[in-house]
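Step one of this worksheet: look at the structure below.
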Amino acid sequence: MNNRKTILNLNANLKYIEHLLYIYDNKSDETSLGDIRKKFKNHFGVKPVLLNQYFGIIRLIPLLLIKEIYKNEKKILVGDVEKINIIRNSLAHNNFTIDEKGYIFSNGKGSLEMSYNDFQIFLHKIENDFYA
């Protein structure tokens, strides 16, 4: 996928989340989810879908912060810590792709391919290990 299109889609996803949070905080209890969707679609010209491949990239933000803590703790880059490092460097250098199969992250030294399902499992494992 084109990196500019990926960034545009990520931005649209973030705008929708921001829009939902604004409405949640400021609108009356009578506002329906259907009304929210229609208003967003009319205003931005797209039909929003929150749980998609772009949401997965947003989910990486805590992972990037975990990577920095591991770096400060001088963790050895093996196993899952190495995968975190590949993902972090891949995002930092805009060297990743998203397609119908999943994500491909590359940092010049190695690459990591994950289906959407594997990606979610990996994120949950990392977070659970980190907070345990």
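Chain labels run A, B, ... following the order of the structure tokens; each chain numbers its residues from 1, and ligands are numbered from 1 in the order shown.
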
Counting only C-alpha atoms, what is within 9 Å of stretch 53-68 of chain A, bar same-chain residues fewer than 4 positions away, as an MDAnalysis selection string? chainID A and resid 6 9:10 13:14 72:73 81 84:85 87:88 98:100 102:103 116 119:120 123 126:127 130

Write a file of the just-selected residues containing N, CA and C atoms, as a PDB file, in the first residue's frame.
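Final output, saved to out.pdb:
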```pdb
ATOM      1  N   THR A   6      -1.574   5.239   3.353  1.00  0.00           N
ATOM      2  CA  THR A   6      -1.591   4.653   4.694  1.00  0.00           C
ATOM      3  C   THR A   6      -1.681   5.748   5.750  1.00  0.00           C
ATOM      4  N   ASN A   9      -5.143   7.313   5.707  1.00  0.00           N
ATOM      5  CA  ASN A   9      -6.129   6.441   6.348  1.00  0.00           C
ATOM      6  C   ASN A   9      -5.957   6.408   7.869  1.00  0.00           C
ATOM      7  N   LEU A  10      -4.712   6.408   8.338  1.00  0.00           N
ATOM      8  CA  LEU A  10      -4.468   6.474   9.783  1.00  0.00           C
ATOM      9  C   LEU A  10      -5.027   7.773  10.349  1.00  0.00           C
ATOM     10  N   ASN A  13      -8.762   7.629  10.605  1.00  0.00           N
ATOM     11  CA  ASN A  13      -9.153   6.799  11.732  1.00  0.00           C
ATOM     12  C   ASN A  13      -9.038   7.582  13.047  1.00  0.00           C
ATOM     13  N   LEU A  14      -7.939   8.309  13.205  1.00  0.00           N
ATOM     14  CA  LEU A  14      -7.749   9.121  14.407  1.00  0.00           C
ATOM     15  C   LEU A  14      -8.801  10.224  14.502  1.00  0.00           C
ATOM     16  N   ASN A  72      16.115   1.411  28.032  1.00  0.00           N
ATOM     17  CA  ASN A  72      16.700   2.013  29.230  1.00  0.00           C
ATOM     18  C   ASN A  72      17.140   0.962  30.252  1.00  0.00           C
ATOM     19  N   GLU A  73      16.451  -0.172  30.260  1.00  0.00           N
ATOM     20  CA  GLU A  73      16.820  -1.274  31.154  1.00  0.00           C
ATOM     21  C   GLU A  73      17.906  -2.150  30.550  1.00  0.00           C
ATOM     22  N   VAL A  81      11.545  -8.892  22.377  1.00  0.00           N
ATOM     23  CA  VAL A  81      12.181  -7.570  22.464  1.00  0.00           C
ATOM     24  C   VAL A  81      12.791  -7.203  21.113  1.00  0.00           C
ATOM     25  N   ILE A  84       9.928  -6.128  18.896  1.00  0.00           N
ATOM     26  CA  ILE A  84       9.524  -4.763  19.248  1.00  0.00           C
ATOM     27  C   ILE A  84      10.471  -3.758  18.597  1.00  0.00           C
ATOM     28  N   ASN A  85      11.753  -4.042  18.639  1.00  0.00           N
ATOM     29  CA  ASN A  85      12.749  -3.147  18.064  1.00  0.00           C
ATOM     30  C   ASN A  85      12.581  -3.029  16.543  1.00  0.00           C
ATOM     31  N   ILE A  87       9.789  -3.448  14.867  1.00  0.00           N
ATOM     32  CA  ILE A  87       8.563  -2.674  14.642  1.00  0.00           C
ATOM     33  C   ILE A  87       8.816  -1.191  14.886  1.00  0.00           C
ATOM     34  N   ARG A  88       9.487  -0.870  15.970  1.00  0.00           N
ATOM     35  CA  ARG A  88       9.764   0.528  16.309  1.00  0.00           C
ATOM     36  C   ARG A  88      10.585   1.204  15.215  1.00  0.00           C
ATOM     37  N   ILE A  98       1.068  -2.372   4.825  1.00  0.00           N
ATOM     38  CA  ILE A  98      -0.193  -2.951   5.271  1.00  0.00           C
ATOM     39  C   ILE A  98      -0.890  -3.436   4.014  1.00  0.00           C
ATOM     40  N   ASP A  99      -1.332  -4.692   4.028  1.00  0.00           N
ATOM     41  CA  ASP A  99      -2.129  -5.191   2.907  1.00  0.00           C
ATOM     42  C   ASP A  99      -3.194  -6.130   3.438  1.00  0.00           C
ATOM     43  N   GLU A 100      -3.865  -6.831   2.530  1.00  0.00           N
ATOM     44  CA  GLU A 100      -4.968  -7.699   2.948  1.00  0.00           C
ATOM     45  C   GLU A 100      -4.516  -8.867   3.821  1.00  0.00           C
ATOM     46  N   GLY A 102      -1.862  -8.656   6.155  1.00  0.00           N
ATOM     47  CA  GLY A 102      -1.403  -8.207   7.462  1.00  0.00           C
ATOM     48  C   GLY A 102      -0.360  -7.116   7.341  1.00  0.00           C
ATOM     49  N   TYR A 103       0.587  -7.125   8.261  1.00  0.00           N
ATOM     50  CA  TYR A 103       1.634  -6.103   8.332  1.00  0.00           C
ATOM     51  C   TYR A 103       2.990  -6.712   7.986  1.00  0.00           C
ATOM     52  N   TYR A 116      -3.160 -10.156  10.748  1.00  0.00           N
ATOM     53  CA  TYR A 116      -3.881  -9.322  11.711  1.00  0.00           C
ATOM     54  C   TYR A 116      -4.118 -10.077  13.014  1.00  0.00           C
ATOM     55  N   PHE A 119      -0.843 -10.400  14.914  1.00  0.00           N
ATOM     56  CA  PHE A 119      -0.496  -9.085  15.427  1.00  0.00           C
ATOM     57  C   PHE A 119      -1.198  -8.811  16.759  1.00  0.00           C
ATOM     58  N   GLN A 120      -2.502  -9.101  16.814  1.00  0.00           N
ATOM     59  CA  GLN A 120      -3.257  -8.892  18.055  1.00  0.00           C
ATOM     60  C   GLN A 120      -2.743  -9.792  19.175  1.00  0.00           C
ATOM     61  N   LEU A 123       0.552  -8.307  20.422  1.00  0.00           N
ATOM     62  CA  LEU A 123       0.350  -7.130  21.264  1.00  0.00           C
ATOM     63  C   LEU A 123      -0.122  -7.510  22.664  1.00  0.00           C
ATOM     64  N   ILE A 126       2.833  -9.112  24.656  1.00  0.00           N
ATOM     65  CA  ILE A 126       3.814  -8.127  25.073  1.00  0.00           C
ATOM     66  C   ILE A 126       3.289  -7.313  26.245  1.00  0.00           C
ATOM     67  N   GLU A 127       2.058  -6.836  26.130  1.00  0.00           N
ATOM     68  CA  GLU A 127       1.484  -6.019  27.197  1.00  0.00           C
ATOM     69  C   GLU A 127       1.323  -6.816  28.486  1.00  0.00           C
ATOM     70  N   PHE A 130       4.746  -7.323  30.024  1.00  0.00           N
ATOM     71  CA  PHE A 130       5.291  -6.074  30.513  1.00  0.00           C
ATOM     72  C   PHE A 130       4.678  -5.678  31.861  1.00  0.00           C
TER      73      PHE A 130
END
```

What are the DSSP alpha helix (DSSP H) residues of chain A, as a PyMOL selection string? chain A and resi 3-26+33-44+53-58+60-72+79-92+116-131

With distances taken over only C-alpha atoms, which of A:Ile104, A:Leu112, A:Ile36, A:Ile69 is nearest to A:Leu21?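 Selected residue with least distance to A:Leu21: A:Ile36.
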
Please measure the separation of atom CA of A:Ser111 and atom CA of A:Asn95, giving the value in Å to one decimal. 9.8 Å

Write out as a list in words all residues of stretch 77-112 of chain A that DSSP puts in strand (DSSP E or B) for this structure's backbone.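 Checking each residue of stretch 77-112 of chain A, the strand (DSSP E or B) ones are Phe96, Thr97, Ile98, Gly102, Tyr103, Ile104, Phe105, Ser106, Ser111 and Leu112 of chain A.
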
Write the residues of the preceding selection, restricted to C-alpha atoms, as a PDB file, in the first residue's frame.
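What follows is the written file again08.pdb:
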```pdb
ATOM      1  CA  PHE A  96       6.287  -0.902   6.795  1.00  0.00           C
ATOM      2  CA  THR A  97       3.413  -2.062   4.649  1.00  0.00           C
ATOM      3  CA  ILE A  98      -0.193  -2.951   5.271  1.00  0.00           C
ATOM      4  CA  GLY A 102      -1.403  -8.207   7.462  1.00  0.00           C
ATOM      5  CA  TYR A 103       1.634  -6.103   8.332  1.00  0.00           C
ATOM      6  CA  ILE A 104       5.239  -6.262   7.168  1.00  0.00           C
ATOM      7  CA  PHE A 105       7.770  -4.374   9.290  1.00  0.00           C
ATOM      8  CA  SER A 106      11.393  -3.963   8.235  1.00  0.00           C
ATOM      9  CA  SER A 111      11.832  -8.022   8.834  1.00  0.00           C
ATOM     10  CA  LEU A 112       8.714  -9.235  10.524  1.00  0.00           C
TER      11      LEU A 112
END
```

From the options A:Val46, A:Ile86, A:Ile23, A:Ala132, which residue's atoms come nearest to A:Glu113, counting only C-alpha atoms?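 The closest residue to A:Glu113 is A:Ile86.
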
Separation of atom CA of A:Asp118 from atom CA of A:Leu77 in Å: 20.3 Å

If you count only C-alpha atoms, which residues fall within 10 Å of A:Phe40, apart from same-chain ones fewer than 6 positions away, as a compact mmCIF listing (two decimals) with C-alpha atoms, in the first residue's frame?
```
# COMPACT_ATOMS: atom_id res chain seq x y z
CA LYS A 15 -10.18 11.88 13.36
CA TYR A 16 -13.09 9.49 13.81
CA HIS A 19 -14.92 12.87 16.82
CA LEU A 20 -16.50 10.07 18.87
CA GLY A 34 -26.52 6.26 14.03
CA VAL A 46 -16.20 8.70 4.39
CA LYS A 47 -17.94 5.87 6.16
CA PRO A 48 -15.95 5.25 9.34
```
